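Enquirer: Supplied in structure tokens, the structure appears directly below.
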2 protein chains.
Amino acid sequence: MTLSQLRTFALVVRLGSLRAAAAELGVSEPAVSAAVAALRSELGDPLFVRAGGGIAFTPGGRRLAVHAEEIVGLADQARREVAETVTATRSLRVAATADFGEHAAGALLDAFTRRLPDCEVDLVVLEGADLADALARRVADVALGPRPAAGDSLDAVPFLRYQRVLVADSPRAEPLRQVWLTGPAGLEELSEEGRWLAGLPTWPDLVRFPTETEAIDATRAGDGVMLALGHVVRADLRLGTLVRLPLPGTPVQGLWYATVLGRGRASAAARALQEFVTTPGATAAMLAPPGATPSTPRRPPVHVALWS
Amino acid sequence: MTLSQLRTFALVVRLGSLRAAAAELGVSEPAVSAAVAALRSELGDPLFVRAGGGIAFTPGGRRLAVHAEEIVGLADQARREVAETVTATRSLRVAATADFGEHAAGALLDAFTRRLPDCEVDLVVLEGADLADALARRVADVALGPRPAAGDSLDAVPFLRYQRVLVADSPRAEPLRQVWLTGPAGLEELSEEGRWLAGLPTWPDLVRFPTETEAIDATRAGDGVMLALGHVVRADLRLGTLVRLPLPGTPVQGLWYATVLGRGRASAAARALQEFVTTPGATAAMLAPPGATPSTPRRPPVHVALWS
DNA sequence: GGTCGTCATAAGCGAACGGTTAAGAGGTGT
DNA sequence: ACACCTCTTAACCGTTCGCTTATGACGACC
């Protein structure tokens, strides 16, 4: 049993296919097959059987899978922690959904790093469904966005109430007959607006933009309607460049959560951020209009990455 | 970073010496040195430095140590769990201190396996200070005995009140001038009687016997005094073959705890035993005189092992 | 009954793992 | 200064790991 064998097997379980795992790892198919075969013979369990076009895991395979993820996650964390003691820096990896990442994460993490200057923060933007996954796989230390569904071993605290209002360039727009402009993630299924949308009689056509800001620009130009964050379009509504459409159910109230691994598995820095997000200073930073806080951009300690 | 490298390093940390770890593993000293050197170069941290006659660990080394134990423990557990699904048996490894193991564990586990017949129980007897260690290293699933000191990530529930009375063959015995006869572990430091003994003005000489039963036999023969379990010597006291000595502080009241790993890391079988021990049936089994419960000894599912 | 997609096996190869013996380096203790 | 204990390095070797390409086996699908 090797760490790399466990890592390979965990990926096979995650993707449900040797072929896909091989592609993901950038190696040939027999390489993956051999790694799993080694585990098979060592553990005396087939781990999975061929079923139909793909594979079906045995009970032993499923049990091994959860431990394999845990083991490789711990090994990676050990590597990181030792590296942190060497460089004398703390690192914090934050995952956020696209909407939160675009409108609030920057200001929030900026304020946080002013509080803890020795902490290097990385931000990865991914979809809401993957937030819990990223935590479990220890790809991220903190997840910011809708409350993850699999909350048994996660510690989620709400920290910001937001509302999405339906806006258009003119009050004569007909919401259910026009395209809905959205950010890159469409409408997150796990979020309140996603659940609200699922309850509508008709499912509108969505048009995705690389950012919600661009979607707002297009809405202003009359290209469609948009379920925009209230505090982001407040200025537009005041100026009249955008108007609210009074669809029942709007404004949709939602909550953003800061989630960390439960059961004492969260790092100190992760808990520090989770506590920080509920402070008044953090709320003020997130709701402030862009540019209001002249952050000293000497050496931006927040790195941002976008995952496909 | 290899599982065997981590296992080796964890042992080095535990023993505080490469030489000792090599002896324990039955390999040469350079083998251990090379394993650790591989970790060193890969992680970019010396992990430890030579200090005086031995070694002193760096902060990175200490951090790696705790994760290394966790990782190899998880790997072993994964192996076991897969093996259990193959053989369709659940196994439960119980650790107990010598006193509890001798007088109560047999009847308790006998009753438990009658309740869960598909569960194979192994009992290892070790000293109280190692109980928490055995849990953390996942050598045992449940620990029965005094409450472990390092209780931060352990879940300990008290389940049996016991008392130790000072007995001798004659009321003229002078406790502080005679040898104290004990079981194999002496007097556990972590237990109530250990703490009580530490508070005495003079520390009596202890004579250890392979079992407490043999110590009782010797006490009956007048070889010394003994701090015996109340319910074990009840018959002797009634018959007059042993008498109580009224030393202040006696009888010493103590509690036995059933401890499992906290934070959701305990197995289902471990929690089942932890719950079972608090039931009236379990208490009755433990306090019943030996031979009172005619356990059907068809195929004794409880294995007992003694660790030096 | 082909054909395709997917996993398994075979043969081979370089690199790393894990072990040995032998000798060196660095400290303690007398 | 000396012996002594402990960790480290060097040189060497067999096994395993992890990867490749090529080919086979098995089931689904048309």
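Labels for the structure tokens follow display order: chains A, B, ..., residues from 1 in each chain, ligands from 1.
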Name all residues at most 12 Å from segment 5-10 of chain D (count only C-alpha atoms (C1' of nucleotides); drop same-chain ones fewer than 6 positions away) and give them as a short mmCIF file (atom, residue, chain, number, x, y, z; two decimals) with N, CA and C atoms (P, O5', C5', C4', C3', O3' and C1' of nucleotides), in the first residue's frame.

Expert:
```
data_model
loop_
_atom_site.label_atom_id
_atom_site.label_comp_id
_atom_site.auth_asym_id
_atom_site.auth_seq_id
_atom_site.Cartn_x
_atom_site.Cartn_y
_atom_site.Cartn_z
N GLY B 16 12.42 8.59 20.57
CA GLY B 16 13.41 9.63 20.76
C GLY B 16 14.81 9.23 20.38
N SER B 17 14.93 8.27 19.51
CA SER B 17 16.27 7.79 19.18
C SER B 17 16.22 6.95 17.91
N LEU B 18 17.16 7.22 17.01
CA LEU B 18 17.26 6.40 15.80
C LEU B 18 17.66 4.99 16.17
N ARG B 19 18.62 4.92 17.04
CA ARG B 19 19.14 3.61 17.43
C ARG B 19 18.02 2.73 17.99
N ALA B 20 17.25 3.30 18.90
CA ALA B 20 16.17 2.51 19.50
C ALA B 20 15.15 2.11 18.45
N ALA B 22 15.67 1.64 15.30
CA ALA B 22 16.25 0.58 14.48
C ALA B 22 16.14 -0.76 15.18
N GLU B 29 20.89 0.57 11.78
CA GLU B 29 20.75 1.99 12.08
C GLU B 29 20.73 2.85 10.81
N PRO B 30 21.59 2.61 9.87
CA PRO B 30 21.54 3.44 8.66
C PRO B 30 20.23 3.31 7.90
N ALA B 31 19.56 2.18 8.04
CA ALA B 31 18.27 2.05 7.37
C ALA B 31 17.30 3.10 7.90
N VAL B 32 17.27 3.24 9.20
CA VAL B 32 16.40 4.26 9.81
C VAL B 32 16.88 5.64 9.40
N SER B 33 18.18 5.85 9.47
CA SER B 33 18.72 7.16 9.12
C SER B 33 18.36 7.54 7.69
N ALA B 34 18.44 6.56 6.80
CA ALA B 34 18.13 6.85 5.40
C ALA B 34 16.66 7.18 5.22
N VAL B 36 14.65 8.53 7.35
CA VAL B 36 14.40 9.88 7.85
C VAL B 36 15.07 10.91 6.93
N ALA B 37 16.24 10.57 6.41
CA ALA B 37 16.92 11.50 5.52
C ALA B 37 16.08 11.78 4.28
N PHE B 48 14.92 17.10 12.92
CA PHE B 48 15.51 17.08 14.25
C PHE B 48 16.99 17.39 14.11
N VAL B 49 17.59 17.77 15.21
CA VAL B 49 19.02 18.07 15.23
C VAL B 49 19.65 17.26 16.35
N ARG B 50 20.92 17.03 16.20
CA ARG B 50 21.62 16.32 17.26
C ARG B 50 21.79 17.25 18.44
N ALA B 51 21.43 16.76 19.60
CA ALA B 51 21.51 17.58 20.80
C ALA B 51 21.97 16.69 21.94
N GLY B 52 23.11 17.02 22.47
CA GLY B 52 23.62 16.21 23.56
C GLY B 52 23.81 14.78 23.10
N GLY B 53 23.41 13.85 23.94
CA GLY B 53 23.56 12.47 23.56
C GLY B 53 22.51 12.01 22.57
N GLY B 54 21.44 12.73 22.45
CA GLY B 54 20.35 12.25 21.60
C GLY B 54 19.98 13.25 20.53
N ILE B 55 18.69 13.41 20.29
CA ILE B 55 18.22 14.29 19.24
C ILE B 55 17.13 15.19 19.81
P DT C 21 24.93 -6.25 8.05
"O5'" DT C 21 26.25 -5.70 7.32
"C5'" DT C 21 26.96 -6.52 6.41
"C4'" DT C 21 28.16 -5.77 5.84
"C3'" DT C 21 29.20 -5.37 6.90
"O3'" DT C 21 30.50 -5.63 6.39
"C1'" DT C 21 28.44 -3.44 5.75
P DA C 22 31.74 -5.49 7.35
"O5'" DA C 22 32.24 -4.00 7.05
"C5'" DA C 22 32.48 -3.60 5.71
"C4'" DA C 22 32.98 -2.16 5.69
"C3'" DA C 22 33.87 -1.78 6.88
"O3'" DA C 22 35.04 -1.13 6.40
"C1'" DA C 22 32.09 -0.25 6.68
P DA C 23 36.17 -0.70 7.38
"O5'" DA C 23 35.99 0.88 7.45
"C5'" DA C 23 35.90 1.61 6.22
"C4'" DA C 23 35.38 3.00 6.51
"C3'" DA C 23 36.15 3.79 7.57
"O3'" DA C 23 36.49 5.06 7.06
"C1'" DA C 23 33.85 3.88 7.98
P DG C 24 37.42 6.07 7.87
"O5'" DG C 24 36.46 7.30 8.16
"C5'" DG C 24 35.81 7.94 7.06
"C4'" DG C 24 34.78 8.93 7.58
"C3'" DG C 24 35.30 9.94 8.61
"O3'" DG C 24 34.79 11.23 8.30
"C1'" DG C 24 33.42 8.83 9.47
P DA C 25 35.49 12.50 8.96
"O5'" DA C 25 34.29 13.20 9.74
"C5'" DA C 25 32.99 13.24 9.14
"C4'" DA C 25 31.97 13.68 10.18
"C3'" DA C 25 32.48 14.70 11.19
"O3'" DA C 25 31.45 15.63 11.46
"C1'" DA C 25 31.73 12.79 12.33
P DG C 26 31.81 17.03 12.08
"O5'" DG C 26 31.08 16.95 13.49
"C5'" DG C 26 29.73 16.51 13.55
"C4'" DG C 26 29.34 16.20 14.98
"C3'" DG C 26 30.05 17.08 16.02
"O3'" DG C 26 29.09 17.60 16.92
"C1'" DG C 26 30.23 14.80 16.60
P DG C 27 29.47 18.87 17.83
"O5'" DG C 27 29.30 18.31 19.32
"C5'" DG C 27 27.99 18.11 19.85
"C4'" DG C 27 27.97 16.85 20.68
"C3'" DG C 27 28.59 16.99 22.06
"O3'" DG C 27 27.60 17.40 23.00
"C1'" DG C 27 29.11 14.88 21.02
P DT C 28 28.08 17.69 24.49
"O5'" DT C 28 28.17 16.26 25.20
"C5'" DT C 28 27.15 15.29 24.97
"C4'" DT C 28 27.35 14.08 25.87
"C3'" DT C 28 27.75 14.39 27.31
"O3'" DT C 28 27.03 13.57 28.20
"C1'" DT C 28 29.38 12.98 26.30
P DG C 29 27.18 13.81 29.77
"O5'" DG C 29 28.36 12.81 30.21
"C5'" DG C 29 28.26 11.42 29.90
"C4'" DG C 29 29.50 10.68 30.38
"C3'" DG C 29 30.03 11.16 31.74
"O3'" DG C 29 30.40 10.05 32.52
"C1'" DG C 29 31.74 11.29 30.12
#
```

Enquirer: Which polymer residues have any atom within 7 Å of an atom of Gly222 of chain A, counting only C-alpha atoms (C1' of nucleotides), with same-chain residues fewer than 2 positions away left out, as a CSV table (one decimal) with C-alpha atoms, in the first residue's frame?

Expert:
```csv
chain,number,residue,atom,x,y,z
A,168,ALA,CA,-33.9,45.2,-15.9
A,169,ASP,CA,-33.3,48.4,-17.8
A,218,ALA,CA,-25.5,43.8,-20.3
A,219,THR,CA,-28.7,44.2,-18.3
A,220,ARG,CA,-28.2,47.9,-18.3
A,224,GLY,CA,-32.2,40.8,-20.5
```

Enquirer: Quick check for you: according to DSSP on this backbone, which residues of segment 90-306 of chain A are classed as strand (DSSP E)? Reply as a PyMOL selection string.

Expert: chain A and resi 90-96+119-125+142-145+154-168+180-182+206-208+225-229+243-244+252-261+302-306

Enquirer: Give the helix (DSSP H, G or I) residues of segment 47-194 of chain B, as assigned by DSSP on the backbone, as a VMD selection string.

Expert: chain B and resid 59 to 87 98 to 115 128 to 136 175 to 177 192 to 194

Enquirer: Return the single residue from A:Ala65, A:Arg172, A:Asp141, A:Tyr162 that is closest to Leu92 of chain A, with distances computed using only C-alpha atoms.

Expert: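 For Leu92 of chain A, the nearest of the given residues is A:Asp141.
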
Enquirer: Please compute the atom CA of Asp205 of chain A-atom CA of Leu187 of chain A distance, one decimal, in Å.

Expert: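 Between these atoms lies a distance of 11.3 Å.
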
Enquirer: Write down, as an MDAnalysis selection string, each residue of chain C that has any atom within 10 Å of an atom of chain A, counting only C-alpha atoms (C1' of nucleotides).

Expert: chainID C and resid 5:9

Enquirer: Do you know which residues are at most 9 Å from Pro171 of chain A counting only C-alpha atoms (C1' of nucleotides), after dropping those on the same chain fewer than 6 positions away, and could you put them as a VMD selection string?

Expert: chain A and resid 242 to 245

Enquirer: With C-alpha atoms retained, write the just-selected residues as a PDB file, in the first residue's frame.

Expert:
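Saved the output as selection37.pdb:
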```
ATOM      1  CA  LEU A 242     -31.748  49.799 -13.590  1.00  0.00           C
ATOM      2  CA  VAL A 243     -35.250  49.213 -12.196  1.00  0.00           C
ATOM      3  CA  ARG A 244     -36.643  46.509  -9.970  1.00  0.00           C
ATOM      4  CA  LEU A 245     -39.158  44.072 -11.377  1.00  0.00           C
TER       5      LEU A 245
END
```

Enquirer: Hey, list the chain B side of the contact with chain A: 7 Å cut-off, only C-alpha atoms, answer as a list in words.

Expert: Thr2, Leu3, Leu43, Asp45, Pro59, Gly60, Arg63, Leu64, His67, Ile71, Leu74, Ala78, Arg79, Val82, Ala83, Thr85, Val86 and Arg263 of chain B

Enquirer: Within 8 Å of segment 13-23 of chain D, counting only C-alpha atoms (C1' of nucleotides), which residues qualify if same-chain residues fewer than 2 places away don't, as a list in words?

Expert: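 Near neighbours after the sequence-gap exclusion: Val27, Ser28 and Ala31 of chain A; DA16 and DC17 of chain C.
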
Enquirer: Considering only C-alpha atoms (C1' of nucleotides), return as a ChimeraX atom specification whatever protein or nucleic-acid residues lie within 8 Å of Gly186 of chain A, sequence-local ones (same chain, fewer than 4 positions apart) excluded.

Expert: /A:182,206-208

Enquirer: Go ahead and save the residues from that selection, with N, CA and C atoms, as a PDB file, in the first residue's frame.

Expert:
```pdb
ATOM      1  N   THR A 182     -26.637  36.040 -16.051  1.00  0.00           N
ATOM      2  CA  THR A 182     -26.031  35.593 -14.791  1.00  0.00           C
ATOM      3  C   THR A 182     -24.521  35.687 -14.872  1.00  0.00           C
ATOM      4  N   LEU A 206     -31.005  30.941 -19.360  1.00  0.00           N
ATOM      5  CA  LEU A 206     -29.912  31.653 -18.706  1.00  0.00           C
ATOM      6  C   LEU A 206     -28.813  31.960 -19.723  1.00  0.00           C
ATOM      7  N   VAL A 207     -28.254  33.137 -19.604  1.00  0.00           N
ATOM      8  CA  VAL A 207     -27.079  33.496 -20.401  1.00  0.00           C
ATOM      9  C   VAL A 207     -25.969  33.851 -19.433  1.00  0.00           C
ATOM     10  N   ARG A 208     -24.886  33.130 -19.525  1.00  0.00           N
ATOM     11  CA  ARG A 208     -23.808  33.333 -18.556  1.00  0.00           C
ATOM     12  C   ARG A 208     -22.778  34.314 -19.067  1.00  0.00           C
TER      13      ARG A 208
END
```

Enquirer: Determine, counting only C-alpha atoms (C1' of nucleotides), which protein, DNA and RNA residues have an atom within 10 Å of an atom of Val142 of chain A; residues of the same chain fewer than 2 positions away are not included. Present the result as a ChimeraX atom specification.

Expert: /A:92-96,123,131-132,134-135,138-140,144-145,155-156,257-261,266-267,269-271,273-274

Enquirer: Using only C-alpha atoms, which of the listed residues (B:Asp122, B:Glu212, B:Asp130, B:Glu193) sits closest to Val232 of chain B?

Expert: B:Glu212

Enquirer: Which residue is closest to Pro175 of chain B? Choose from B:Val225, B:Ala150, B:Val13, B:Ala136 and count only C-alpha atoms.

Expert: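 Of the candidates, the smallest distance to Pro175 of chain B is held by B:Val225.
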
Enquirer: Between atom CA of Ala107 of chain B and atom CA of Ala284 of chain B, what is the distance in Å, rounded to a tenth?

Expert: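 Distance between the two atoms: 9.3 Å.
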
Enquirer: At what distance in Å, to one decimal, does atom CA of Arg147 of chain A lie from atom CA of Ser191 of chain A?

Expert: 7.6 Å

Enquirer: From the options D:DC12, D:DA25, D:DC30, D:DA3, which residue's atoms come nearest to chain A, counting only C-alpha atoms (C1' of nucleotides)?

Expert: D:DA25
